Amino acid sequence: MSEEIKTIKVTIDNITIDVAPGTTILQAARQIGGDVTPPAMCYYSKLEGSGGKCRTCLVEVAAGSTADPRPMPKLVASCRTGVMDGMIVKNITSEKVPDARAGVVEFLLLNHPLDCPVCDQAGECHLQDLGYDHGKEATRYQFARRTFKKEDIGPYIQLHMTRCILCYRCTYVADQITNKRVHGVVDRGDHAAISTYISKAIDNDFSGNMIDVCPVGALTDKTFRFKNRVWFTKPVDAHRSCTTPGCCGKATLWLRGDEVFRVTARKDEWGEVQSYDGKTGWICNTCRFETKKTESWTIEGLTAISRHSVIGANKYKTLEMPSETVKKVMNGMNPKLLMDIHSVSGVNKPEIHLSEINGPAHSSDFKK
Amino acid sequence: MQALTNKAKQVSRKPMSFMEKLYLPAIFKGMMITFSHIFKKKPTINYPEKQRPFSPVFRGLHILNRDAEGRENCTACGLCAVACPAEAITMEAAERQVGEEHLYKEEKYAAKYEINMLRCIFCGLCEEACPKDAIYLSETFTPADYQRKQFIYSKNELLIPHPKENEEAYLKALGNRPKKEIVK
């Protein structure tokens with residue numbers, strides 16, 4: 001007789017699902033998907049031990065289990081609470097959860113500088129989404145926000161400690177994906193900060209993945225810094241054969257015209273790095289920071305972007321450029337341009353290649 | 001056929017009377033109306049010596065604002081460009097370097113900022129989208145020109161005069177339009 005796979009029943013927002021024992025409420029909710037899933041800022045399914053820090057995934061447990069159907073007295077963090085047979089969980093149907101979550105958002109934003117107009121993460125920032133979806137309209141905080149001395153952590157990654165929400169995801173990346181961790185969270189409480197010991201540069205091959213796991217703009221791509229806004233670049237899926245062991249070579253290129261402005265790992269529906277055949281698709285720093293030529297990549301097609309995302313705004317929905325029809329119907333005669341925009345405009349000059357500048361552009365770069 | 005409305009009037013085909021045949025009384029009557037306008041108040045004004053006040057909701061040429069110290073407010077966040085229905089706004093951002101603090105308010109600024117006035121429809125959505133109090137539609141018209149290339153307005157044309165170096169021009173460019181409140 002074959003061994004029976006034991007599953008347990010859990011009801012989340014009146015939807016019942018069978019899951020394997022040991023599943024957390026958040027994972028069970030993700031199996032259902034949609035609005036039922038609580039948001040998560042620190043939990044990252046691909047990083048072992050993550051979760052339990054930000055408390056945005058709070059849910060109400062209306063009945064603990066069939067054996068003990070008493071409700072749990074307080075809201076619980078769904079990423080760290082395992083399901084029990086017969087558990088009844090309320091997320092969006094709960095009266096307490098939206099209020100508690102708005103409170104959590106307010107706490108997360110206490111020291112957040114709200115410099116979204118400057119921040120490169122804006123448009124794909126989980127804290128932005130969380131604030132708009134679950135937060136309150138205005139801040140009540142009136143005091144000076146926590147600031148830090150600016151720190152340089154290497155040529156590829158830009159650290160903005162003021163934006164950090166201390167989710168610890170980046171330290172898990174360093175621990176689990178790279179072989180040597182040179183950064184961590186130092187100090188405690190309000191002073192807690194991500195730092196490299198004695199400002200040591202992070203030069204591991206997979207350190208760039210910290211940028212992808214960072215839910216906010218605390219760790220951003222220095223080679224993309226201020227180059228363009230996320231929603232003006234066009235994401236395409238591409239791959240290349242990468243020789244670095246452990247690198248999957250599958251990435252999303254963020255294009256502006258034919259220029260590759262940024263390379264990131266591909267993200268799944270939860271904003272996490274995609275898995276291929278059970279293996280997480282981390283990419284190496286060579287792919288991410290040094291392969292910024294379209295020729296080096298095989299472009300597969302446009303990245304699917306949610307209809308509700310600003311990133312999909314004002315984009316052609318095909319890869320091919322719309323072709324010029326005038327020449328075809330006018331027996332090969334080119335259209336007579338009343339004005340060539342490049343001869344007048346100073347923006348997007350064909351001779352200035354922003355993707356070839358390491359780090360942000362400066363006033364000197366535009367004086368050519 | 002039944003008429004659609006009751007406003008139709010039957011044309012009178014009666015032969016003209018003697019007074020009507022004279023014509024002069026009717027001409028005189030008409031000229032009376034014409035000459036009476038000489039003594040009425042003139043509705044025209046002598047533009048450009050005299051100018052009418054703009055409506056408070058008038059939306060004219062854009063200005064890029066500076067703060068009280070004369071630093072540029074714009075951080076090239078791109079919200080105006082993404083809000084623009086005519087796709088008239090383009091920009092390129094750069095990082096502020098040490099020594100440029102008196103020029104730009106924040107660490108990121110618009111190194112290039114262009115509005116294509118041929119595309120612009122003066123809807124004011126850029127002003128509404130701006131989180132930094134940086135772009136305003138002022139109380140001036142876009143001047144006419146003979147060439148298309150004159151309508152690509154770059155930062156040279158758009159930036160407001162320096163409030164300390166040229167206060168008069170600054171206040172004039174700022175205009176009297178009510179400014180929206182910035183939510184901090």
# chains A, B, ... in the order shown; residues from 1 in each chain; ligands from 1
$ interface_residues --of "chain A" --to "chain B" --cutoff "9 Å" --atoms "only C-alpha atoms" --output "PyMOL selection string"
chain A and resi 116-119+138-139+225-229+231-232+310+313-314+338-341+343-348+360-363+365-366
$ write_last_selection --atoms "N, CA and C atoms" --output "mmCIF file, in the first residue's frame"
data_model
loop_
_atom_site.group_PDB
_atom_site.id
_atom_site.type_symbol
_atom_site.label_atom_id
_atom_site.label_comp_id
_atom_site.auth_asym_id
_atom_site.auth_seq_id
_atom_site.Cartn_x
_atom_site.Cartn_y
_atom_site.Cartn_z
ATOM 1 N N CYS A 116 10.481 59.576 -3.105
ATOM 2 C CA CYS A 116 10.140 58.815 -4.316
ATOM 3 C C CYS A 116 10.478 59.551 -5.616
ATOM 4 N N PRO A 117 10.304 60.885 -5.709
ATOM 5 C CA PRO A 117 10.676 61.543 -6.966
ATOM 6 C C PRO A 117 12.149 61.386 -7.322
ATOM 7 N N VAL A 118 12.998 61.141 -6.333
ATOM 8 C CA VAL A 118 14.419 60.977 -6.609
ATOM 9 C C VAL A 118 14.775 59.489 -6.712
ATOM 10 N N CYS A 119 14.030 58.668 -6.008
ATOM 11 C CA CYS A 119 14.386 57.255 -5.831
ATOM 12 C C CYS A 119 14.210 56.456 -7.118
ATOM 13 N N ALA A 138 -2.171 60.334 4.724
ATOM 14 C CA ALA A 138 -1.141 61.305 5.094
ATOM 15 C C ALA A 138 -0.390 60.826 6.325
ATOM 16 N N THR A 139 0.752 61.424 6.526
ATOM 17 C CA THR A 139 1.547 61.056 7.693
ATOM 18 C C THR A 139 1.179 61.940 8.879
ATOM 19 N N ARG A 225 21.635 54.208 -11.905
ATOM 20 C CA ARG A 225 21.263 55.326 -11.050
ATOM 21 C C ARG A 225 20.935 56.582 -11.862
ATOM 22 N N PHE A 226 19.737 57.069 -11.694
ATOM 23 C CA PHE A 226 19.237 58.313 -12.309
ATOM 24 C C PHE A 226 19.233 58.286 -13.839
ATOM 25 N N LYS A 227 19.475 57.131 -14.434
ATOM 26 C CA LYS A 227 19.529 57.083 -15.897
ATOM 27 C C LYS A 227 18.163 57.363 -16.493
ATOM 28 N N ASN A 228 17.164 56.711 -15.943
ATOM 29 C CA ASN A 228 15.818 56.938 -16.430
ATOM 30 C C ASN A 228 14.839 56.420 -15.382
ATOM 31 N N ARG A 229 13.595 56.817 -15.526
ATOM 32 C CA ARG A 229 12.599 56.279 -14.619
ATOM 33 C C ARG A 229 12.222 54.886 -15.097
ATOM 34 N N TRP A 231 9.465 53.449 -15.438
ATOM 35 C CA TRP A 231 8.321 53.317 -16.345
ATOM 36 C C TRP A 231 8.588 53.884 -17.741
ATOM 37 N N PHE A 232 9.718 54.499 -17.963
ATOM 38 C CA PHE A 232 10.055 54.920 -19.324
ATOM 39 C C PHE A 232 10.939 53.906 -20.029
ATOM 40 N N VAL A 310 2.372 51.132 -13.484
ATOM 41 C CA VAL A 310 2.753 52.318 -14.249
ATOM 42 C C VAL A 310 3.806 51.966 -15.297
ATOM 43 N N ALA A 313 2.703 51.785 -18.858
ATOM 44 C CA ALA A 313 2.091 52.967 -19.457
ATOM 45 C C ALA A 313 2.850 53.432 -20.699
ATOM 46 N N ASN A 314 2.123 53.914 -21.669
ATOM 47 C CA ASN A 314 2.687 54.523 -22.880
ATOM 48 C C ASN A 314 3.687 53.633 -23.609
ATOM 49 N N LEU A 338 9.484 67.995 -41.885
ATOM 50 C CA LEU A 338 9.462 69.434 -41.627
ATOM 51 C C LEU A 338 10.475 69.789 -40.551
ATOM 52 N N MET A 339 10.747 68.815 -39.698
ATOM 53 C CA MET A 339 11.729 69.058 -38.642
ATOM 54 C C MET A 339 12.265 67.711 -38.174
ATOM 55 N N ASP A 340 13.582 67.595 -38.115
ATOM 56 C CA ASP A 340 14.179 66.404 -37.530
ATOM 57 C C ASP A 340 14.391 66.710 -36.053
ATOM 58 N N ILE A 341 13.706 65.955 -35.206
ATOM 59 C CA ILE A 341 13.699 66.295 -33.778
ATOM 60 C C ILE A 341 15.099 66.231 -33.184
ATOM 61 N N SER A 343 17.860 67.119 -34.475
ATOM 62 C CA SER A 343 18.683 68.291 -34.776
ATOM 63 C C SER A 343 18.334 69.455 -33.855
ATOM 64 N N VAL A 344 17.178 69.399 -33.214
ATOM 65 C CA VAL A 344 16.732 70.498 -32.361
ATOM 66 C C VAL A 344 16.830 70.119 -30.893
ATOM 67 N N SER A 345 16.394 68.901 -30.595
ATOM 68 C CA SER A 345 16.272 68.495 -29.200
ATOM 69 C C SER A 345 17.624 68.146 -28.588
ATOM 70 N N GLY A 346 17.792 68.460 -27.334
ATOM 71 C CA GLY A 346 19.002 68.088 -26.610
ATOM 72 C C GLY A 346 18.835 66.798 -25.842
ATOM 73 N N VAL A 347 17.602 66.274 -25.791
ATOM 74 C CA VAL A 347 17.321 65.063 -25.037
ATOM 75 C C VAL A 347 17.467 63.852 -25.955
ATOM 76 N N ASN A 348 17.932 62.732 -25.383
ATOM 77 C CA ASN A 348 18.122 61.486 -26.127
ATOM 78 C C ASN A 348 19.005 61.691 -27.350
ATOM 79 N N PRO A 360 25.766 57.209 -12.225
ATOM 80 C CA PRO A 360 24.856 58.246 -12.715
ATOM 81 C C PRO A 360 25.560 59.246 -13.629
ATOM 82 N N ALA A 361 24.787 59.851 -14.508
ATOM 83 C CA ALA A 361 25.325 60.892 -15.373
ATOM 84 C C ALA A 361 25.530 62.163 -14.555
ATOM 85 N N HIS A 362 26.508 62.940 -14.953
ATOM 86 C CA HIS A 362 26.755 64.229 -14.300
ATOM 87 C C HIS A 362 26.669 65.332 -15.337
ATOM 88 N N SER A 363 26.748 66.550 -14.843
ATOM 89 C CA SER A 363 26.610 67.676 -15.766
ATOM 90 C C SER A 363 27.654 67.611 -16.887
ATOM 91 N N ASP A 365 28.730 65.029 -18.439
ATOM 92 C CA ASP A 365 28.385 64.061 -19.479
ATOM 93 C C ASP A 365 27.512 64.665 -20.567
ATOM 94 N N PHE A 366 26.816 65.718 -20.242
ATOM 95 C CA PHE A 366 25.910 66.308 -21.220
ATOM 96 C C PHE A 366 26.545 67.475 -21.970
#
$ residues_around --residues "Asn14 of chain A" --least-positions-apart "6" --cutoff "10 Å" --atoms "only C-alpha atoms" --output "list in words"
Val36, Ile88, Val89, Lys90, Asn91 and Thr93 of chain A
$ write_last_selection --atoms "C-alpha atoms" --output "PDB file, in the first residue's frame"
ATOM      1  CA  VAL A  36      -6.560  36.811  -0.435  1.00  0.00           C
ATOM      2  CA  ILE A  88      -9.989  29.461   9.683  1.00  0.00           C
ATOM      3  CA  VAL A  89      -8.052  32.546   8.659  1.00  0.00           C
ATOM      4  CA  LYS A  90      -9.451  35.941   7.876  1.00  0.00           C
ATOM      5  CA  ASN A  91      -7.455  38.391   5.830  1.00  0.00           C
ATOM      6  CA  THR A  93     -12.742  39.663   5.380  1.00  0.00           C
TER       7      THR A  93
END
$ atom_distance --atom1 "atom CA of Gln121 of chain A" --atom2 "atom CA of Thr220 of chain A"
7.1 Å
$ select_by_dssp --residues "segment 55-183 of chain B" --states "strand (DSSP E)" --output "ChimeraX atom specification"
/B:62-64,89-95,108-116,135-137,152-153
$ write_last_selection --atoms "C-alpha atoms" --output "mmCIF file, in the first residue's frame"
data_model
loop_
_atom_site.group_PDB
_atom_site.id
_atom_site.type_symbol
_atom_site.label_atom_id
_atom_site.label_comp_id
_atom_site.auth_asym_id
_atom_site.auth_seq_id
_atom_site.Cartn_x
_atom_site.Cartn_y
_atom_site.Cartn_z
ATOM 1 C CA HIS B 62 5.224 76.535 -18.762
ATOM 2 C CA ILE B 63 7.797 77.726 -16.288
ATOM 3 C CA LEU B 64 10.270 75.637 -14.341
ATOM 4 C CA ILE B 89 7.756 66.398 -22.202
ATOM 5 C CA THR B 90 11.141 64.700 -22.288
ATOM 6 C CA MET B 91 14.001 64.914 -19.838
ATOM 7 C CA GLU B 92 17.327 63.492 -18.851
ATOM 8 C CA ALA B 93 18.437 63.321 -15.256
ATOM 9 C CA ALA B 94 21.848 63.744 -13.699
ATOM 10 C CA GLU B 95 23.348 63.516 -10.259
ATOM 11 C CA LYS B 108 19.030 64.463 -8.663
ATOM 12 C CA TYR B 109 18.117 67.122 -11.170
ATOM 13 C CA ALA B 110 16.989 67.519 -14.748
ATOM 14 C CA ALA B 111 20.102 68.013 -16.836
ATOM 15 C CA LYS B 112 17.881 68.329 -19.890
ATOM 16 C CA TYR B 113 14.248 69.226 -19.855
ATOM 17 C CA GLU B 114 12.275 69.854 -22.990
ATOM 18 C CA ILE B 115 8.695 70.593 -23.831
ATOM 19 C CA ASN B 116 7.567 70.339 -27.406
ATOM 20 C CA ILE B 135 6.448 73.117 -13.137
ATOM 21 C CA TYR B 136 3.737 75.716 -13.564
ATOM 22 C CA LEU B 137 1.654 76.939 -16.395
ATOM 23 C CA ILE B 152 11.100 72.924 -28.753
ATOM 24 C CA TYR B 153 11.478 74.695 -25.452
#
$ closest_residue --among "A:Ser275, A:Thr162, A:Thr11, A:Ser207" --to "Lys180 of chain A" --atoms "only C-alpha atoms"
A:Ser207
$ atom_distance --atom1 "atom CA of Met32 of chain B" --atom2 "atom CA of Lys14 of chain B"
26.6 Å
$ residues_around --residues "Arg146 of chain A" --least-positions-apart "4" --cutoff "10 Å" --atoms "only C-alpha atoms" --output "PyMOL selection string"
chain A and resi 110-113+161-163+190-191
$ write_last_selection --atoms "N, CA and C atoms" --output "PDB file, in the first residue's frame"
ATOM      1  N   LEU A 110       7.580  55.648   9.136  1.00  0.00           N
ATOM      2  CA  LEU A 110       7.980  56.660  10.125  1.00  0.00           C
ATOM      3  C   LEU A 110       9.265  57.350   9.729  1.00  0.00           C
ATOM      4  N   ASN A 111      10.270  56.559   9.440  1.00  0.00           N
ATOM      5  CA  ASN A 111      11.571  57.134   9.129  1.00  0.00           C
ATOM      6  C   ASN A 111      11.877  57.115   7.640  1.00  0.00           C
ATOM      7  N   HIS A 112      10.900  56.731   6.849  1.00  0.00           N
ATOM      8  CA  HIS A 112      11.141  56.672   5.407  1.00  0.00           C
ATOM      9  C   HIS A 112      11.163  58.090   4.844  1.00  0.00           C
ATOM     10  N   PRO A 113      12.171  58.419   4.056  1.00  0.00           N
ATOM     11  CA  PRO A 113      12.297  59.821   3.632  1.00  0.00           C
ATOM     12  C   PRO A 113      11.239  60.276   2.629  1.00  0.00           C
ATOM     13  N   MET A 161      20.564  54.244   3.135  1.00  0.00           N
ATOM     14  CA  MET A 161      20.124  53.673   4.409  1.00  0.00           C
ATOM     15  C   MET A 161      18.825  54.300   4.903  1.00  0.00           C
ATOM     16  N   THR A 162      18.578  55.551   4.542  1.00  0.00           N
ATOM     17  CA  THR A 162      17.363  56.211   5.044  1.00  0.00           C
ATOM     18  C   THR A 162      16.105  55.515   4.551  1.00  0.00           C
ATOM     19  N   ARG A 163      16.202  54.876   3.362  1.00  0.00           N
ATOM     20  CA  ARG A 163      15.011  54.243   2.800  1.00  0.00           C
ATOM     21  C   ARG A 163      14.791  52.832   3.331  1.00  0.00           C
ATOM     22  N   ASP A 190      16.718  52.058  16.743  1.00  0.00           N
ATOM     23  CA  ASP A 190      16.591  53.147  15.785  1.00  0.00           C
ATOM     24  C   ASP A 190      17.883  53.361  14.998  1.00  0.00           C
ATOM     25  N   HIS A 191      18.997  52.927  15.557  1.00  0.00           N
ATOM     26  CA  HIS A 191      20.283  53.161  14.900  1.00  0.00           C
ATOM     27  C   HIS A 191      20.665  52.026  13.956  1.00  0.00           C
TER      28      HIS A 191
END
$ select_by_dssp --residues "segment 1-144 of chain B" --states "helix (DSSP H, G or I)" --output "VMD selection string"
chain B and resid 18 to 22 24 to 39 79 to 83 125 to 129
$ write_last_selection --atoms "C-alpha atoms" --output "PDB file, in the first residue's frame"
ATOM      1  CA  PHE B  18     -44.539 103.645 -51.750  1.00  0.00           C
ATOM      2  CA  MET B  19     -42.387 104.340 -48.664  1.00  0.00           C
ATOM      3  CA  GLU B  20     -40.614 101.033 -49.095  1.00  0.00           C
ATOM      4  CA  LYS B  21     -40.038 101.730 -52.770  1.00  0.00           C
ATOM      5  CA  LEU B  22     -38.249 104.972 -51.840  1.00  0.00           C
ATOM      6  CA  LEU B  24     -33.990 106.060 -48.383  1.00  0.00           C
ATOM      7  CA  PRO B  25     -35.970 105.854 -45.103  1.00  0.00           C
ATOM      8  CA  ALA B  26     -34.799 102.266 -44.591  1.00  0.00           C
ATOM      9  CA  ILE B  27     -31.180 103.231 -45.334  1.00  0.00           C
ATOM     10  CA  PHE B  28     -31.449 106.129 -42.936  1.00  0.00           C
ATOM     11  CA  LYS B  29     -32.842 103.836 -40.271  1.00  0.00           C
ATOM     12  CA  GLY B  30     -29.960 101.441 -40.735  1.00  0.00           C
ATOM     13  CA  MET B  31     -27.342 104.163 -40.633  1.00  0.00           C
ATOM     14  CA  MET B  32     -28.850 105.463 -37.374  1.00  0.00           C
ATOM     15  CA  ILE B  33     -28.052 102.144 -35.766  1.00  0.00           C
ATOM     16  CA  THR B  34     -24.523 102.219 -37.224  1.00  0.00           C
ATOM     17  CA  PHE B  35     -23.743 105.757 -36.070  1.00  0.00           C
ATOM     18  CA  SER B  36     -25.236 105.190 -32.617  1.00  0.00           C
ATOM     19  CA  HIS B  37     -22.320 102.831 -31.938  1.00  0.00           C
ATOM     20  CA  ILE B  38     -19.884 105.762 -32.051  1.00  0.00           C
ATOM     21  CA  PHE B  39     -21.265 106.924 -28.744  1.00  0.00           C
ATOM     22  CA  LEU B  79       5.753  62.294 -13.361  1.00  0.00           C
ATOM     23  CA  CYS B  80       4.935  65.220 -15.649  1.00  0.00           C
ATOM     24  CA  ALA B  81       6.114  63.236 -18.659  1.00  0.00           C
ATOM     25  CA  VAL B  82       4.080  60.175 -17.715  1.00  0.00           C
ATOM     26  CA  ALA B  83       1.027  62.326 -17.000  1.00  0.00           C
ATOM     27  CA  LEU B 125      -1.722  67.769 -16.010  1.00  0.00           C
ATOM     28  CA  CYS B 126       2.046  68.193 -15.659  1.00  0.00           C
ATOM     29  CA  GLU B 127       1.482  70.880 -13.075  1.00  0.00           C
ATOM     30  CA  GLU B 128      -0.971  68.660 -11.242  1.00  0.00           C
ATOM     31  CA  ALA B 129       1.389  65.690 -11.291  1.00  0.00           C
TER      32      ALA B 129
END
$ residues_around --residues "Leu171 of chain B" --least-positions-apart "6" --cutoff "12 Å" --atoms "only C-alpha atoms" --output "MDAnalysis selection string"
chainID B and resid 63 65:66 68 138:139 160:165 177
$ residues_around --residues "Leu75 of chain A" --least-positions-apart "2" --cutoff "10 Å" --atoms "only C-alpha atoms" --output "list in words"
Arg55, Cys57, Leu58, Val59, Glu60, Val61, Ala62, Pro71, Met72, Pro73, Ala77, Ser78, Lys90, Asn91, Lys96, Val97 and Ala100 of chain A
$ write_last_selection --atoms "N, CA and C atoms" --output "short mmCIF file (atom, residue, chain, number, x, y, z; two decimals), in the first residue's frame"
data_model
loop_
_atom_site.label_atom_id
_atom_site.label_comp_id
_atom_site.auth_asym_id
_atom_site.auth_seq_id
_atom_site.Cartn_x
_atom_site.Cartn_y
_atom_site.Cartn_z
N ARG A 55 5.83 42.60 9.66
CA ARG A 55 4.48 42.47 10.18
C ARG A 55 3.40 43.06 9.28
N CYS A 57 2.15 41.22 6.99
CA CYS A 57 1.33 40.08 6.56
C CYS A 57 0.38 39.62 7.67
N LEU A 58 0.12 40.48 8.65
CA LEU A 58 -0.77 40.13 9.75
C LEU A 58 -2.13 39.64 9.27
N VAL A 59 -2.59 38.53 9.85
CA VAL A 59 -3.94 38.04 9.56
C VAL A 59 -4.62 37.66 10.87
N GLU A 60 -5.92 37.52 10.79
CA GLU A 60 -6.69 37.12 11.96
C GLU A 60 -6.98 35.63 11.85
N VAL A 61 -6.73 34.90 12.93
CA VAL A 61 -7.06 33.48 12.93
C VAL A 61 -8.33 33.32 13.76
N ALA A 62 -9.43 33.02 13.07
CA ALA A 62 -10.73 32.95 13.73
C ALA A 62 -10.93 31.63 14.45
N PRO A 71 -10.28 31.07 18.75
CA PRO A 71 -9.52 32.00 17.90
C PRO A 71 -8.23 32.40 18.59
N MET A 72 -7.25 32.78 17.80
CA MET A 72 -6.00 33.27 18.39
C MET A 72 -6.24 34.67 18.90
N PRO A 73 -5.73 34.97 20.09
CA PRO A 73 -6.08 36.25 20.73
C PRO A 73 -5.61 37.47 19.96
N ALA A 77 1.46 36.93 12.43
CA ALA A 77 2.22 37.13 11.20
C ALA A 77 2.07 35.88 10.35
N SER A 78 1.43 35.98 9.20
CA SER A 78 1.08 34.78 8.43
C SER A 78 2.31 34.10 7.84
N LYS A 90 -8.79 34.81 8.54
CA LYS A 90 -9.45 35.94 7.88
C LYS A 90 -8.39 36.96 7.51
N ASN A 91 -8.38 37.33 6.25
CA ASN A 91 -7.46 38.39 5.83
C ASN A 91 -8.25 39.61 5.39
N LYS A 96 -10.34 43.63 11.71
CA LYS A 96 -9.17 44.15 12.43
C LYS A 96 -7.96 44.32 11.52
N VAL A 97 -7.86 43.44 10.52
CA VAL A 97 -6.62 43.39 9.73
C VAL A 97 -6.32 44.69 8.98
N ALA A 100 -4.97 47.24 11.39
CA ALA A 100 -3.64 46.88 11.90
C ALA A 100 -2.59 47.07 10.83
#
$ atom_distance --atom1 "atom CA of Gly135 of chain A" --atom2 "atom CA of Val104 of chain A"
8.3 Å
